[in-house]
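Q: Data: target18.pdb, PDB, C-alpha atoms and all ligand atoms.
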```pdb
MODEL        1
ATOM      1  CA  VAL A 719       3.995  16.408   4.508  1.00  0.00           C
ATOM      2  CA  LYS A 720       7.380  14.669   4.209  1.00  0.00           C
ATOM      3  CA  LEU A 721       8.222  11.140   3.131  1.00  0.00           C
ATOM      4  CA  HIS A 722      11.034   8.981   4.398  1.00  0.00           C
ATOM      5  CA  SER A 723      11.927   5.301   4.675  1.00  0.00           C
ATOM      6  CA  LEU A 724      10.528   3.522   7.742  1.00  0.00           C
ATOM      7  CA  ARG A 725      12.959   3.373  10.680  1.00  0.00           C
ATOM      8  CA  SER A 726      12.700   0.992  13.589  1.00  0.00           C
ATOM      9  CA  ARG A 727      11.752   3.828  15.943  1.00  0.00           C
ATOM     10  CA  ASP A 728       8.695   4.573  13.731  1.00  0.00           C
ATOM     11  CA  ILE A 729       7.228   1.066  14.036  1.00  0.00           C
ATOM     12  CA  ALA A 730       5.102   1.659  17.152  1.00  0.00           C
ATOM     13  CA  SER A 731       3.485   4.773  15.633  1.00  0.00           C
ATOM     14  CA  ILE A 732       2.819   3.130  12.269  1.00  0.00           C
ATOM     15  CA  ALA A 733       1.404   0.016  13.972  1.00  0.00           C
ATOM     16  CA  GLU A 734      -0.897   2.290  15.960  1.00  0.00           C
ATOM     17  CA  MET A 735      -1.997   4.336  12.933  1.00  0.00           C
ATOM     18  CA  THR A 736      -2.634   1.275  10.753  1.00  0.00           C
ATOM     19  CA  SER A 737      -4.450  -0.599  13.543  1.00  0.00           C
ATOM     20  CA  LYS A 738      -7.236   2.001  13.241  1.00  0.00           C
ATOM     21  CA  VAL A 739      -7.776   1.395   9.514  1.00  0.00           C
ATOM     22  CA  SER A 740     -10.958  -0.684   9.336  1.00  0.00           C
ATOM     23  CA  LEU A 741      -9.979  -2.520   6.150  1.00  0.00           C
ATOM     24  CA  LEU A 742      -6.795  -3.790   7.804  1.00  0.00           C
ATOM     25  CA  ARG A 743      -8.643  -4.739  10.982  1.00  0.00           C
ATOM     26  CA  ARG A 744     -10.989  -6.836   8.888  1.00  0.00           C
ATOM     27  CA  TYR A 745      -7.970  -8.744   7.628  1.00  0.00           C
ATOM     28  CA  GLY A 746      -6.849  -9.433  11.203  1.00  0.00           C
ATOM     29  CA  TRP A 747      -4.287  -6.612  11.484  1.00  0.00           C
ATOM     30  CA  ASP A 748      -4.041  -5.176  15.007  1.00  0.00           C
ATOM     31  CA  LEU A 749      -1.460  -3.318  17.092  1.00  0.00           C
ATOM     32  CA  ALA A 750       0.535  -6.383  18.157  1.00  0.00           C
ATOM     33  CA  LYS A 751       0.410  -8.041  14.754  1.00  0.00           C
ATOM     34  CA  GLY A 752       1.284  -4.782  13.027  1.00  0.00           C
ATOM     35  CA  ARG A 753       4.402  -4.321  15.175  1.00  0.00           C
ATOM     36  CA  LYS A 754       5.526  -7.869  14.561  1.00  0.00           C
ATOM     37  CA  ILE A 755       4.945  -7.778  10.796  1.00  0.00           C
ATOM     38  CA  LEU A 756       6.573  -4.341  10.390  1.00  0.00           C
ATOM     39  CA  LYS A 757       9.626  -5.376  12.393  1.00  0.00           C
ATOM     40  CA  LYS A 758      10.053  -8.443  10.233  1.00  0.00           C
ATOM     41  CA  ALA A 759       9.539  -6.448   7.027  1.00  0.00           C
ATOM     42  CA  LEU A 760      12.125  -3.861   8.070  1.00  0.00           C
ATOM     43  CA  ALA A 761      14.712  -6.615   8.422  1.00  0.00           C
ATOM     44  CA  ASP A 762      13.845  -8.046   5.005  1.00  0.00           C
ATOM     45  CA  PRO A 763      15.921  -6.536   2.167  1.00  0.00           C
ATOM     46  CA  SER A 764      13.221  -7.316  -0.405  1.00  0.00           C
ATOM     47  CA  SER A 765      10.766  -5.000   1.398  1.00  0.00           C
ATOM     48  CA  ASP A 766      10.738  -1.234   0.919  1.00  0.00           C
ATOM     49  CA  LEU A 767       8.709   0.709   3.496  1.00  0.00           C
ATOM     50  CA  ILE A 768       7.998   4.422   3.496  1.00  0.00           C
ATOM     51  CA  VAL A 769       6.075   6.737   5.778  1.00  0.00           C
ATOM     52  CA  ALA A 770       4.408  10.136   5.352  1.00  0.00           C
ATOM     53  CA  LYS A 771       4.821  12.510   8.260  1.00  0.00           C
ATOM     54  CA  GLU A 772       3.477  15.956   9.078  1.00  0.00           C
ATOM     55  CA  GLY A 773       5.462  17.464  11.927  1.00  0.00           C
ATOM     56  CA  SER A 774       5.633  14.645  14.464  1.00  0.00           C
ATOM     57  CA  ARG A 775       2.443  12.953  13.234  1.00  0.00           C
ATOM     58  CA  PHE A 776       2.535   9.890  10.985  1.00  0.00           C
ATOM     59  CA  LEU A 777      -0.177  10.137   8.342  1.00  0.00           C
ATOM     60  CA  GLY A 778       0.573   7.344   5.904  1.00  0.00           C
ATOM     61  CA  PHE A 779       2.487   4.214   5.154  1.00  0.00           C
ATOM     62  CA  ALA A 780       3.309   2.145   2.065  1.00  0.00           C
ATOM     63  CA  TRP A 781       5.062  -1.194   1.608  1.00  0.00           C
ATOM     64  CA  VAL A 782       6.463  -2.556  -1.635  1.00  0.00           C
ATOM     65  CA  VAL A 783       8.053  -5.973  -2.087  1.00  0.00           C
ATOM     66  CA  ARG A 784      10.770  -5.881  -4.743  1.00  0.00           C
ATOM     67  CA  GLN A 785       9.947  -8.403  -7.487  1.00  0.00           C
ATOM     68  CA  GLY A 786       7.014  -9.504  -5.285  1.00  0.00           C
ATOM     69  CA  GLY A 787       4.825  -9.856  -8.393  1.00  0.00           C
ATOM     70  CA  PHE A 788       5.635 -13.122 -10.196  1.00  0.00           C
ATOM     71  CA  ALA A 789       9.288 -12.724  -9.094  1.00  0.00           C
ATOM     72  CA  ARG A 790       9.415  -9.961 -11.715  1.00  0.00           C
ATOM     73  CA  SER A 791       7.377  -6.821 -10.993  1.00  0.00           C
ATOM     74  CA  ALA A 792       7.309  -4.774  -7.815  1.00  0.00           C
ATOM     75  CA  TYR A 793       4.266  -5.601  -5.662  1.00  0.00           C
ATOM     76  CA  LEU A 794       2.453  -3.088  -3.466  1.00  0.00           C
ATOM     77  CA  ARG A 795       1.758  -5.134  -0.346  1.00  0.00           C
ATOM     78  CA  LEU A 796       0.080  -2.386   1.646  1.00  0.00           C
ATOM     79  CA  ILE A 797      -0.839   1.282   1.633  1.00  0.00           C
ATOM     80  CA  ALA A 798      -2.761   3.059   4.371  1.00  0.00           C
ATOM     81  CA  VAL A 799      -3.507   6.661   5.190  1.00  0.00           C
ATOM     82  CA  ASP A 800      -4.609   7.853   8.635  1.00  0.00           C
ATOM     83  CA  THR A 801      -8.423   7.783   8.703  1.00  0.00           C
ATOM     84  CA  LYS A 802      -8.437  11.506   9.602  1.00  0.00           C
ATOM     85  CA  ALA A 803      -6.069  12.485   6.778  1.00  0.00           C
ATOM     86  CA  LYS A 804      -7.773  10.915   3.760  1.00  0.00           C
ATOM     87  CA  ARG A 805      -8.362  12.845   0.517  1.00  0.00           C
ATOM     88  CA  ARG A 806      -5.464  15.195   1.182  1.00  0.00           C
ATOM     89  CA  GLY A 807      -3.227  13.698  -1.483  1.00  0.00           C
ATOM     90  CA  ILE A 808      -1.098  11.667   0.946  1.00  0.00           C
ATOM     91  CA  GLY A 809      -1.883   8.314  -0.701  1.00  0.00           C
ATOM     92  CA  ARG A 810      -0.980   9.810  -4.079  1.00  0.00           C
ATOM     93  CA  LEU A 811       2.300  11.149  -2.653  1.00  0.00           C
ATOM     94  CA  LEU A 812       3.216   7.706  -1.278  1.00  0.00           C
ATOM     95  CA  MET A 813       2.372   5.987  -4.565  1.00  0.00           C
ATOM     96  CA  ARG A 814       4.359   8.516  -6.613  1.00  0.00           C
ATOM     97  CA  GLU A 815       7.410   7.855  -4.465  1.00  0.00           C
ATOM     98  CA  MET A 816       6.986   4.086  -4.748  1.00  0.00           C
ATOM     99  CA  GLU A 817       6.618   4.422  -8.517  1.00  0.00           C
ATOM    100  CA  ARG A 818       9.765   6.554  -8.681  1.00  0.00           C
ATOM    101  CA  ARG A 819      11.622   3.823  -6.795  1.00  0.00           C
ATOM    102  CA  HIS A 820      10.097   0.682  -8.309  1.00  0.00           C
ATOM    103  CA  LEU A 821       8.216   1.173 -11.593  1.00  0.00           C
ATOM    104  CA  ASN A 822      11.445   0.609 -13.435  1.00  0.00           C
ATOM    105  CA  PRO A 823      12.159  -1.988 -14.841  1.00  0.00           C
ATOM    106  CA  SER A 824       9.065  -4.246 -14.708  1.00  0.00           C
ATOM    107  CA  GLY A 825       6.133  -2.194 -13.431  1.00  0.00           C
ATOM    108  CA  LEU A 826       4.066  -2.342 -10.266  1.00  0.00           C
ATOM    109  CA  LEU A 827       1.350  -4.895  -9.420  1.00  0.00           C
ATOM    110  CA  LEU A 828      -1.212  -4.703  -6.624  1.00  0.00           C
ATOM    111  CA  LEU A 829      -4.453  -6.236  -5.393  1.00  0.00           C
ATOM    112  CA  ALA A 830      -7.607  -4.459  -4.240  1.00  0.00           C
ATOM    113  CA  THR A 831     -10.614  -6.225  -2.749  1.00  0.00           C
ATOM    114  CA  SER A 832     -13.423  -5.784  -5.280  1.00  0.00           C
ATOM    115  CA  THR A 833     -15.707  -4.116  -2.698  1.00  0.00           C
ATOM    116  CA  ASN A 834     -13.055  -1.525  -1.727  1.00  0.00           C
ATOM    117  CA  GLN A 835     -14.383   1.177  -4.038  1.00  0.00           C
ATOM    118  CA  ALA A 836     -12.289   3.955  -2.500  1.00  0.00           C
ATOM    119  CA  ALA A 837      -9.046   2.099  -3.136  1.00  0.00           C
ATOM    120  CA  ARG A 838     -10.106   1.034  -6.632  1.00  0.00           C
ATOM    121  CA  ARG A 839     -10.984   4.610  -7.644  1.00  0.00           C
ATOM    122  CA  PHE A 840      -7.708   5.736  -6.107  1.00  0.00           C
ATOM    123  CA  TYR A 841      -5.609   3.263  -8.136  1.00  0.00           C
ATOM    124  CA  GLU A 842      -7.579   3.869 -11.316  1.00  0.00           C
ATOM    125  CA  LYS A 843      -7.090   7.624 -10.898  1.00  0.00           C
ATOM    126  CA  LEU A 844      -3.348   6.996 -10.621  1.00  0.00           C
ATOM    127  CA  GLY A 845      -3.375   5.107 -13.903  1.00  0.00           C
ATOM    128  CA  TYR A 846      -3.460   1.483 -12.755  1.00  0.00           C
ATOM    129  CA  ARG A 847      -5.181  -0.876 -15.153  1.00  0.00           C
ATOM    130  CA  ARG A 848      -7.377  -3.760 -14.066  1.00  0.00           C
ATOM    131  CA  VAL A 849      -5.715  -6.872 -15.477  1.00  0.00           C
ATOM    132  CA  GLY A 850      -7.388  -9.746 -13.662  1.00  0.00           C
ATOM    133  CA  LEU A 851      -9.462 -11.101 -10.837  1.00  0.00           C
ATOM    134  CA  LEU A 852      -8.682 -13.620  -8.092  1.00  0.00           C
ATOM    135  CA  ARG A 853     -11.598 -15.334  -6.383  1.00  0.00           C
ATOM    136  CA  ASP A 854     -11.392 -16.712  -2.820  1.00  0.00           C
ATOM    137  CA  TYR A 855      -7.729 -15.689  -2.694  1.00  0.00           C
ATOM    138  CA  VAL A 856      -7.261 -13.677   0.505  1.00  0.00           C
ATOM    139  CA  ARG A 857     -10.577 -14.696   2.058  1.00  0.00           C
ATOM    140  CA  LYS A 858     -13.244 -17.129   0.904  1.00  0.00           C
ATOM    141  CA  GLY A 859     -16.118 -15.271  -0.726  1.00  0.00           C
ATOM    142  CA  LEU A 860     -13.998 -12.176  -1.542  1.00  0.00           C
ATOM    143  CA  ARG A 861     -12.575 -11.237  -4.906  1.00  0.00           C
ATOM    144  CA  GLU A 862      -9.270  -9.440  -5.391  1.00  0.00           C
ATOM    145  CA  VAL A 863      -8.894  -7.231  -8.435  1.00  0.00           C
ATOM    146  CA  ILE A 864      -5.370  -7.311  -9.883  1.00  0.00           C
ATOM    147  CA  TYR A 865      -4.082  -3.901 -10.986  1.00  0.00           C
ATOM    148  CA  PHE A 866      -0.916  -3.185 -12.959  1.00  0.00           C
ATOM    149  CA  LYS A 867       1.019  -0.160 -14.111  1.00  0.00           C
ATOM    150  CA  PRO A 868       3.813  -0.921 -16.573  1.00  0.00           C
ATOM    151  CA  CYS A 869       7.187   0.768 -16.618  1.00  0.00           C
ATOM    152  CA  PRO A 870       6.905   3.592 -19.174  1.00  0.00           C
ATOM    153  CA  ASN A 871      10.258   2.633 -20.763  1.00  0.00           C
ATOM    154  CA  ASN A 872       9.129  -0.925 -21.200  1.00  0.00           C
ATOM    155  CA  SER A 873       5.627  -0.719 -22.652  1.00  0.00           C
TER     156      SER A 873
HETATM  157  C1  LIG B 901      -6.888   4.147  -0.556  1.00  0.00           C
HETATM  158  C2  LIG B 901      -6.164   5.230   0.264  1.00  0.00           C
HETATM  159  C3  LIG B 901      -4.705   4.779   0.475  1.00  0.00           C
HETATM  160  C4  LIG B 901      -6.185   6.559  -0.518  1.00  0.00           C
HETATM  161  O1  LIG B 901      -5.406   7.517   0.173  1.00  0.00           O
HETATM  162  P1  LIG B 901      -5.779   9.082   0.204  1.00  0.00           P
HETATM  163  O2  LIG B 901      -4.622   9.807   0.784  1.00  0.00           O
HETATM  164  O3  LIG B 901      -7.093   9.272   0.863  1.00  0.00           O
HETATM  165  O4  LIG B 901      -5.927   9.404  -1.357  1.00  0.00           O
HETATM  166  P2  LIG B 901      -5.566  10.779  -2.116  1.00  0.00           P
HETATM  167  O5  LIG B 901      -6.060  11.925  -1.328  1.00  0.00           O
HETATM  168  O6  LIG B 901      -4.119  10.771  -2.483  1.00  0.00           O
HETATM  169  O7  LIG B 901      -6.462  10.601  -3.433  1.00  0.00           O
HETATM  170  C5  LIG B 901      -5.980  10.675  -4.757  1.00  0.00           C
HETATM  171  C6  LIG B 901      -7.147  10.478  -5.710  1.00  0.00           C
HETATM  172  O8  LIG B 901      -7.672   9.150  -5.582  1.00  0.00           O
HETATM  173  C7  LIG B 901      -9.109   9.193  -5.708  1.00  0.00           C
HETATM  174  N1  LIG B 901      -9.725   8.776  -4.435  1.00  0.00           N
HETATM  175  C8  LIG B 901      -9.139   8.631  -3.226  1.00  0.00           C
HETATM  176  N2  LIG B 901     -10.029   8.235  -2.292  1.00  0.00           N
HETATM  177  C9  LIG B 901     -11.211   8.141  -2.932  1.00  0.00           C
HETATM  178  C10 LIG B 901     -12.529   7.786  -2.498  1.00  0.00           C
HETATM  179  N3  LIG B 901     -12.791   7.470  -1.218  1.00  0.00           N
HETATM  180  N4  LIG B 901     -13.531   7.800  -3.420  1.00  0.00           N
HETATM  181  C11 LIG B 901     -13.284   8.129  -4.717  1.00  0.00           C
HETATM  182  N5  LIG B 901     -12.057   8.475  -5.176  1.00  0.00           N
HETATM  183  C12 LIG B 901     -11.041   8.477  -4.298  1.00  0.00           C
HETATM  184  C13 LIG B 901      -9.479  10.635  -6.022  1.00  0.00           C
HETATM  185  O9  LIG B 901      -9.497  10.772  -7.424  1.00  0.00           O
HETATM  186  C14 LIG B 901      -8.324  11.382  -5.405  1.00  0.00           C
HETATM  187  O10 LIG B 901      -8.105  12.640  -5.995  1.00  0.00           O
HETATM  188  P3  LIG B 901      -9.018  13.923  -5.533  1.00  0.00           P
HETATM  189  O11 LIG B 901      -9.114  13.892  -4.029  1.00  0.00           O
HETATM  190  O12 LIG B 901      -8.242  15.058  -6.078  1.00  0.00           O
HETATM  191  O13 LIG B 901     -10.332  13.691  -6.192  1.00  0.00           O
HETATM  192  C15 LIG B 901      -6.872   5.474   1.630  1.00  0.00           C
HETATM  193  O14 LIG B 901      -8.232   5.700   1.400  1.00  0.00           O
HETATM  194  C16 LIG B 901      -6.733   4.349   2.644  1.00  0.00           C
HETATM  195  O15 LIG B 901      -5.772   4.298   3.420  1.00  0.00           O
HETATM  196  N6  LIG B 901      -7.722   3.426   2.683  1.00  0.00           N
HETATM  197  C17 LIG B 901      -7.759   2.362   3.680  1.00  0.00           C
HETATM  198  C18 LIG B 901      -6.731   1.299   3.395  1.00  0.00           C
HETATM  199  C19 LIG B 901      -6.871   0.740   1.999  1.00  0.00           C
HETATM  200  O16 LIG B 901      -7.966   0.527   1.507  1.00  0.00           O
HETATM  201  N7  LIG B 901      -5.716   0.496   1.362  1.00  0.00           N
HETATM  202  C20 LIG B 901      -5.670  -0.071   0.041  1.00  0.00           C
HETATM  203  C21 LIG B 901      -5.700  -1.535   0.152  1.00  0.00           C
HETATM  204  S1  LIG B 901      -5.738  -2.303  -1.439  1.00  0.00           S
ENDMDL
END
```
Please express what this file holds, its structure, as C-alpha cells.
Ligand SMILES: CC(C)(COP(=O)(O)OP(=O)(O)OC[C@H]1O[C@@H](n2cnc3c(N)ncnc32)[C@H](O)[C@@H]1OP(=O)(O)O)[C@@H](O)C(=O)NCCC(=O)NCCS
A:
Amino acid sequence: VKLHSLRSRDIASIAEMTSKVSLLRRYGWDLAKGRKILKKALADPSSDLIVAKEGSRFLGFAWVVRQGGFARSAYLRLIAVDTKAKRRGIGRLLMREMERRHLNPSGLLLLATSTNQAARRFYEKLGYRRVGLLRDYVRKGLREVIYFKPCPNNS
C-alpha cells in the first residue's frame, strides 16, 4: 500500500470509494457531492489530502485542514478506508503520515461522533486523548467527541 497526495485525476475514484462509506452517506455525502467538495479542497492551499493505493485500487483517504483547529492546530476533517479494506492498518498508515506532516507545531484535533465506536477505538489506539464534547454540533441529537494529540516537542 502506497500513500501520495491527492491529484485531480484521483477525485472520481476517491468520490466513488467514499460514497460507499455508510457514515459519510449518513452525513449527506454522495458521489456528486464528494466530487464537488474534493475538487474545491484540492484548490484550497489550507487543505492537505492524501490517498492510500494498492496497485490501481484506492483504499483510503485523509483530509487535514492546516490550522483548522482554533486557527492553531491541524484539524482532521475526514478519514475513510474502503469498506472492504478495513482492519488492514490503512487508517493507521494515513494517520501516521498526517501526523508526520502536521503534528508539529501545535498538534492535531479531530471530532468523532460519540456512537462511532470503531473510529473512537481507532483514535484512542493511536494515542488521541478525549478532551471535550460538542452536543448538537454536526446534527441535532448527536454528540461529537473532541480528540487531541499534542505535538511531542510542545507538551
Ligand atoms: C475509522 C477507520 C478510518 C479505521 O481505519 P482502518 O484502516 O480500518 O483501521 P486500522 O486497520 O489502521 O486500525 C488500527 C487500530 O485501530 C483500532 N480499530 C480500528 N477499527 C476498529 C474497530 N472497528 N473496532 C475496534 N478497534 C478498531 C484497532 O486497535 C486497530 O489495530 P488492530 O487491527 O491491530 O487491532 C475506518 O474504520 C473507516 O473508514 N470508518 C468509516 C469512516 C469513519 O468512521 N471515519 C472517521 C470519522 S470521525
Q: Mind giving me the straight-line distance from CA of Arg725 in chain A to CA of Lys751 in chain A in Å, one decimal?
A: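 Those two atoms sit 17.4 Å apart.
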Q: If we count all atoms listed in the file, what is near range 761-766 of chain A at a cut-off of 7 Å, once residues fewer than 5 positions away on the same chain are taken out, given as a list in words?
A: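 Listed by chain and then number, they are Trp781, Val782, Val783 and Arg784 of chain A.
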Q: To check your reading of the model: which residues sit at most 6 Å from ligand LIG 901 (chain B) when counting all atoms listed in the file? Write the answer as a list in words.
A: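 Final answer, ordered by chain and number: Val739, Leu741, Ile797, Ala798, Val799, Lys804, Arg805, Arg806, Gly807, Ile808, Gly809, Arg810, Leu829, Ala830, Ala836, Ala837, Arg839, Phe840 and Lys843 of chain A.
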Q: Next, write the just-selected residues to a file, as a short mmCIF file (atom, residue, chain, number, x, y, z; two decimals), keeping the file's coordinate frame, keeping C-alpha atoms as the atom set.
A:
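selection_16.cif, written as the output of this step:
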```cif
data_model
loop_
_atom_site.label_atom_id
_atom_site.label_comp_id
_atom_site.auth_asym_id
_atom_site.auth_seq_id
_atom_site.Cartn_x
_atom_site.Cartn_y
_atom_site.Cartn_z
CA VAL A 739 -7.78 1.40 9.51
CA LEU A 741 -9.98 -2.52 6.15
CA ILE A 797 -0.84 1.28 1.63
CA ALA A 798 -2.76 3.06 4.37
CA VAL A 799 -3.51 6.66 5.19
CA LYS A 804 -7.77 10.92 3.76
CA ARG A 805 -8.36 12.84 0.52
CA ARG A 806 -5.46 15.20 1.18
CA GLY A 807 -3.23 13.70 -1.48
CA ILE A 808 -1.10 11.67 0.95
CA GLY A 809 -1.88 8.31 -0.70
CA ARG A 810 -0.98 9.81 -4.08
CA LEU A 829 -4.45 -6.24 -5.39
CA ALA A 830 -7.61 -4.46 -4.24
CA ALA A 836 -12.29 3.96 -2.50
CA ALA A 837 -9.05 2.10 -3.14
CA ARG A 839 -10.98 4.61 -7.64
CA PHE A 840 -7.71 5.74 -6.11
CA LYS A 843 -7.09 7.62 -10.90
#
```
Q: Around the point (10.2, 1.3, 14.5), in the coordinates given by the file, pick out the residues reaching within 12 Å, counting all atoms listed in the file, and return them as a list in words.
A: Ser723, Leu724, Arg725, Ser726, Arg727, Asp728, Ile729, Ala730, Ser731, Ile732, Ala733, Glu734, Gly752, Arg753, Lys754, Ile755, Leu756, Lys757, Lys758, Ala759, Leu760, Ala761, Leu767, Ile768 and Val769 of chain A
Q: For the file shown, report as a PDB file with C-alpha atoms, in the frame of the given file the outcome of the PyMOL selection byres (((chain A and resi 777) around 7) and not hetatm) at residue level.
A:
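The resulting file, result02.pdb, is shown below:
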```pdb
ATOM      1  CA  ALA A 770       4.408  10.136   5.352  1.00  0.00           C
ATOM      2  CA  LYS A 771       4.821  12.510   8.260  1.00  0.00           C
ATOM      3  CA  GLU A 772       3.477  15.956   9.078  1.00  0.00           C
ATOM      4  CA  ARG A 775       2.443  12.953  13.234  1.00  0.00           C
ATOM      5  CA  PHE A 776       2.535   9.890  10.985  1.00  0.00           C
ATOM      6  CA  GLY A 778       0.573   7.344   5.904  1.00  0.00           C
ATOM      7  CA  VAL A 799      -3.507   6.661   5.190  1.00  0.00           C
ATOM      8  CA  ASP A 800      -4.609   7.853   8.635  1.00  0.00           C
ATOM      9  CA  ALA A 803      -6.069  12.485   6.778  1.00  0.00           C
TER      10      ALA A 803
END
```
Q: Please, what distance in Å, to one decimal, runs between CA of Thr833 in chain A and CA of Arg857 in chain A?
A: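 One can read the CA of Thr833 in chain A to CA of Arg857 in chain A distance as 12.7 Å.
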Q: Would you pick out the contacts of Leu827 in chain A at 6 Å or less, using only C-alpha atoms, so that residues sharing its chain but fewer than 3 positions from it are not included, and give the list as number ranges by chain?
A: A: 793, 865-866
Q: Restricting the calculation to all atoms listed in the file: of A:Leu721, A:Ala750, A:Leu852, A:Ser824, which residue gets closest to Ala780 in chain A?
A: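 Result for the nearest residue to Ala780 in chain A: A:Leu721.
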Q: Carefully work through the PyMOL selection byres (((chain A and resi 822) around 12) and not hetatm) for this structure and note down the residues it includes, as a PyMOL selection string.
A: chain A and resi 784-785+790-792+816-821+823-826+867-873
Q: Given only C-alpha atoms as the basis, pick out the residue of A:Ile864, A:Met735, A:Asn834, A:His722 nearest to Leu794 in chain A.
A: A:Ile864
Q: In Å, with one decimal, what is the gap from CA of Phe779 in chain A to CA of Arg814 in chain A?
A: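 CA of Arg814 in chain A lies at a distance of 12.7 Å from CA of Phe779 in chain A.
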Q: For Lys720 in chain A, which residue out of A:Gly850, A:Gly845, A:Gly773, A:Gly786 is the nearest one, using only C-alpha atoms?
A: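 Looking only at the distances to Lys720 in chain A, the closest residue turns out to be A:Gly773.
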Q: For Ser832 in chain A, find every residue with an atom within 10 Å (counting all atoms listed in the file), except residues of its own chain fewer than 6 positions away, and show them as a PDB file with C-alpha atoms, keeping the file's coordinate frame.
A:
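For reference, out23.pdb as written:
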```
ATOM      1  CA  ARG A 838     -10.106   1.034  -6.632  1.00  0.00           C
ATOM      2  CA  LEU A 851      -9.462 -11.101 -10.837  1.00  0.00           C
ATOM      3  CA  LEU A 852      -8.682 -13.620  -8.092  1.00  0.00           C
ATOM      4  CA  ARG A 853     -11.598 -15.334  -6.383  1.00  0.00           C
ATOM      5  CA  LEU A 860     -13.998 -12.176  -1.542  1.00  0.00           C
ATOM      6  CA  ARG A 861     -12.575 -11.237  -4.906  1.00  0.00           C
ATOM      7  CA  GLU A 862      -9.270  -9.440  -5.391  1.00  0.00           C
ATOM      8  CA  VAL A 863      -8.894  -7.231  -8.435  1.00  0.00           C
ATOM      9  CA  ILE A 864      -5.370  -7.311  -9.883  1.00  0.00           C
TER      10      ILE A 864
END
```
Q: Using only C-alpha atoms, can you tell me which of A:Gly859, A:Thr831, A:Leu811, A:Lys802 comes closest to Lys738 in chain A?
A: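 Between A:Gly859, A:Thr831, A:Leu811, A:Lys802, the residue approaching Lys738 in chain A most closely is A:Lys802.
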Q: Where's the centre, and what are the edge lengths in Å to one decimal, of a box along x, y and z enclosing all listed atoms of range 844-851 of chain A padded 3 Å per side, as JSON?
A:
```
{"center_x": -6.4, "center_y": -2.1, "center_z": -13.0, "size_x": 12.1, "size_y": 24.1, "size_z": 10.9}
```
Q: Under the rule that all atoms listed in the file are counted, which of A:Met813, A:Ala789, A:Leu796, A:Val856 is the nearest residue to Tyr841 in chain A?
A: A:Met813
